[in-house]
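Trainee: Supplied in structure tokens, the structure appears directly below.
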Amino acid sequence: TKGGGFLDMINQRISQGISVCIFYSLFTLFLVQTSIGRFESGLYAPIQNASISIINISISIIGLAFSLSTNKQQLNMCLFWIFQFIFLGLTPLLTQLDPYPYYLNTILPRENMAKATSIILVAQIASLFTQAVTYRKYRNPVNSPLKFGELDVVRLLRRTHTALISYLVVTPFIISSLGGIEFLFKRVRINAATADLSVPLNAILLSILYVIPLVCALTLIYLRSHVYIPSWQIYSVIGWIILLSNPFGNARQTTLFLIIPLFFNLIRKNRILAIGFFLLLPFLLVYSGSIVNRYNGSLQTPRLLLVSRSGDFDAFSQLANALKLISLGEFPICRQALGSILLFLPRSLWEEKPYDTGVELARLLQLRFQNLSAPRVLS
């Protein structure tokens, strides 16, 4: 009976993985056919030109299905593969098929896109291989969970409470520096009334404001299974995080950064709920461009985005753009990475310190808009 139950579980996991592969394959067909229908006169480049992109899509689907089908679902890797699927799989495919892709691509010859998809392929294979090796090494429960003694739990809980108390003391000053109540309850992202701070200082204050309560909330949720913690403490911190997430006044990345970890804690013990979420997520991504108007904060009816012509999906475009610039002698090897490692050095001491890769790309491309993507493959 025990052996039969184990086989049933294995068959169920395999069935779940196959179902995820079928669903995402159908989603790919849906998005490709819908997008082609919106191209001028229904024209599109030969599908043979995008064969590597199709392979990349397949690898990301396999990675996602594997992450959802393992004994302990790997939700972080699920999110990783979703973004690979959308931004470095579907978007390259549609960009190569689109006769008039987003303007950042029109300055490039098509061979740069093909080279970019080849680099993505290498990165995808390396990521999937590393994930499989890591899972094989740590799938034994004896090696994975942290073992806490009673003294360790009490010490960690005390440190968490200390962090929360310190946070309560400095938060009013941080909010006041960022713009006060108008900042906290801002309804728009563009032209919002905020304090006039330097970019580094603004980033430091926002990091303190967002990261500390999130880490404390996740720690309290984890420790609740080891020691008694009043529910009001956890719910108070979570409520504050939800208030800070403010989808009207924050970039989508900020809202997701604050909400996704809490949501993952909710679904990590429910396999079906987790699978359902990741089946819904691709629709949210390709329909999410206009839910909230960034200029007036009003809600809008979401519409399907043409990802090959949307600035929100420019990760592949910037990879292709950067490859062209590298071939022209820009971006010396390790220059951008060194800038990240030595980010604490002021420019007064290092005048040639590189700016963010997206900013550097915009400067070299002579674009006024500088909020460009710089995906990990590019780094």
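Each chain in the structure tokens gets a letter, A, B and so on, in the order shown; residues start at 1 in every chain, and ligands are counted from 1 in the order they appear.
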Near stretch 64-78 of chain A, counting only C-alpha atoms, which residues have an atom at most 6 Å away, once you skip same-chain residues fewer than 2 positions from it, shown as a PyMOL selection string?

Mentor: chain A and resi 13+17+20+61-62+80-81

Trainee: Excluding same-chain residues fewer than 3 positions from A:Thr255, what lies within 10 Å of it counting only C-alpha atoms, as a list in words?

Mentor: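 Residues near the query, excluding close chain neighbours: Ile241, Ile242, Leu243, Leu244, Ser245, Asn246, Pro247, Phe248, Gly249, Asn250, Ala251, Arg252, Leu258, Ile259 and Ile260 of chain A.
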
Trainee: Please provide as a list in words all residues within 10 Å of A:Val227, with the sequence filter that same-chain residues fewer than 5 positions apart are discarded (counting only C-alpha atoms).

Mentor: Glu150, Val153, Val154, Leu157, Leu220 and Tyr222 of chain A

Trainee: In terms of the shortest atom-to-atom distance over only C-alpha atoms, which of A:Ala116, A:Ile175, A:Ala320, A:Val188 is closest to A:Leu206?

Mentor: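 Selected residue with least distance to A:Leu206: A:Ile175.
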
Trainee: Tell me, counting only C-alpha atoms, for each residue of stretch 178-249 of chain A within 12 Å of stretch 159-169 of chain A, which pair of atoms is nearest and how far apart they are in Å to one decimal, in rows ordered by chain and increasing number, as a Markdown table.

Mentor:
| residue | atom | partner | partner_atom | distance |
| --- | --- | --- | --- | --- |
| A:Leu205 | CA | A:Tyr167 | CA | 11.6 |
| A:Ser207 | CA | A:Tyr167 | CA | 11.9 |
| A:Ile208 | CA | A:Tyr167 | CA | 8.2 |
| A:Leu209 | CA | A:Tyr167 | CA | 8.1 |
| A:Tyr210 | CA | A:Tyr167 | CA | 10.5 |
| A:Val211 | CA | A:Tyr167 | CA | 10.5 |
| A:Ile212 | CA | A:Tyr167 | CA | 7.4 |
| A:Pro213 | CA | A:Leu164 | CA | 7.1 |
| A:Leu214 | CA | A:Leu164 | CA | 10.5 |
| A:Val215 | CA | A:Thr160 | CA | 8.8 |
| A:Cys216 | CA | A:Thr160 | CA | 5.9 |
| A:Ala217 | CA | A:Thr160 | CA | 9.0 |
| A:Leu218 | CA | A:Thr160 | CA | 10.2 |
| A:Thr219 | CA | A:Thr160 | CA | 7.4 |
| A:Leu220 | CA | A:Thr160 | CA | 7.7 |
| A:Ile221 | CA | A:Thr160 | CA | 11.4 |
| A:Tyr222 | CA | A:Thr160 | CA | 11.7 |
| A:Leu223 | CA | A:Thr160 | CA | 10.3 |
| A:Ile229 | CA | A:His161 | CA | 11.0 |
| A:Gln233 | CA | A:His161 | CA | 9.8 |
| A:Ile234 | CA | A:His161 | CA | 11.2 |
| A:Ser236 | CA | A:Leu164 | CA | 11.2 |
| A:Val237 | CA | A:Leu164 | CA | 9.0 |
| A:Trp240 | CA | A:Leu168 | CA | 11.3 |

Trainee: Rank nothing, just name the residue among A:Thr91, A:Ser41, A:Ser225, A:Ser327 nearest to A:Leu285, using only C-alpha atoms.

Mentor: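 Once distances to A:Leu285 are computed over only C-alpha atoms, the minimum belongs to A:Thr91.
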
Trainee: Can I get the residues of stretch 303-334 of chain A within 10 Å of stretch 344-362 of chain A, each with the closest pair of atoms and their distance in Å to one decimal, using only C-alpha atoms, sorted chain first then ascending number, as JSON lines?

Mentor:
{"residue": "A:Ala315", "atom": "CA", "partner": "A:Gly358", "partner_atom": "CA", "distance": 10.0}
{"residue": "A:Gln318", "atom": "CA", "partner": "A:Leu361", "partner_atom": "CA", "distance": 7.7}
{"residue": "A:Leu319", "atom": "CA", "partner": "A:Leu361", "partner_atom": "CA", "distance": 9.9}
{"residue": "A:Asn321", "atom": "CA", "partner": "A:Leu361", "partner_atom": "CA", "distance": 7.8}
{"residue": "A:Ala322", "atom": "CA", "partner": "A:Leu361", "partner_atom": "CA", "distance": 7.0}
{"residue": "A:Leu325", "atom": "CA", "partner": "A:Leu361", "partner_atom": "CA", "distance": 8.5}
{"residue": "A:Glu330", "atom": "CA", "partner": "A:Leu361", "partner_atom": "CA", "distance": 9.7}
{"residue": "A:Phe331", "atom": "CA", "partner": "A:Glu360", "partner_atom": "CA", "distance": 9.0}

Trainee: Could those selected residues go to a file with N, CA and C atoms, as a compact mmCIF listing (two decimals), in the first residue's frame?

Mentor:
# COMPACT_ATOMS: atom_id res chain seq x y z
N ALA A 315 13.49 44.07 -22.22
CA ALA A 315 14.70 43.37 -21.77
C ALA A 315 15.46 42.77 -22.95
N GLN A 318 17.14 45.48 -25.12
CA GLN A 318 18.38 46.05 -24.57
C GLN A 318 19.54 45.07 -24.66
N LEU A 319 19.24 43.79 -24.57
CA LEU A 319 20.31 42.80 -24.76
C LEU A 319 20.86 42.89 -26.19
N ASN A 321 20.57 45.50 -28.23
CA ASN A 321 21.23 46.81 -28.38
C ASN A 321 22.64 46.78 -27.81
N ALA A 322 22.78 46.19 -26.62
CA ALA A 322 24.08 46.17 -25.96
C ALA A 322 25.09 45.34 -26.74
N LEU A 325 26.45 47.50 -29.37
CA LEU A 325 27.36 48.51 -28.82
C LEU A 325 28.69 47.88 -28.40
N GLU A 330 32.16 49.58 -27.11
CA GLU A 330 31.63 50.11 -25.85
C GLU A 330 31.61 49.00 -24.80
N PHE A 331 31.41 49.39 -23.56
CA PHE A 331 31.31 48.46 -22.43
C PHE A 331 32.52 47.53 -22.33

Trainee: As a ChimeraX atom specification, list the residues of stretch 118-337 of chain A assigned to alpha helix (DSSP H) by DSSP on the backbone atoms of this structure.

Mentor: /A:118-138,150-178,181-184,199-223,231-245,252-267,271-286,315-327,335-337

Trainee: What's the separation between atom CA of A:Phe316 and atom CA of A:Gln300, in Å to one decimal place?

Mentor: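 Between atom CA of A:Phe316 and atom CA of A:Gln300 the gap is 27.1 Å.
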
Trainee: Between atom CA of A:Ile52 and atom CA of A:Arg335, what is the distance, to one decimal in Å?

Mentor: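 If I compute the distance from atom CA of A:Ile52 to atom CA of A:Arg335, I get 29.1 Å.
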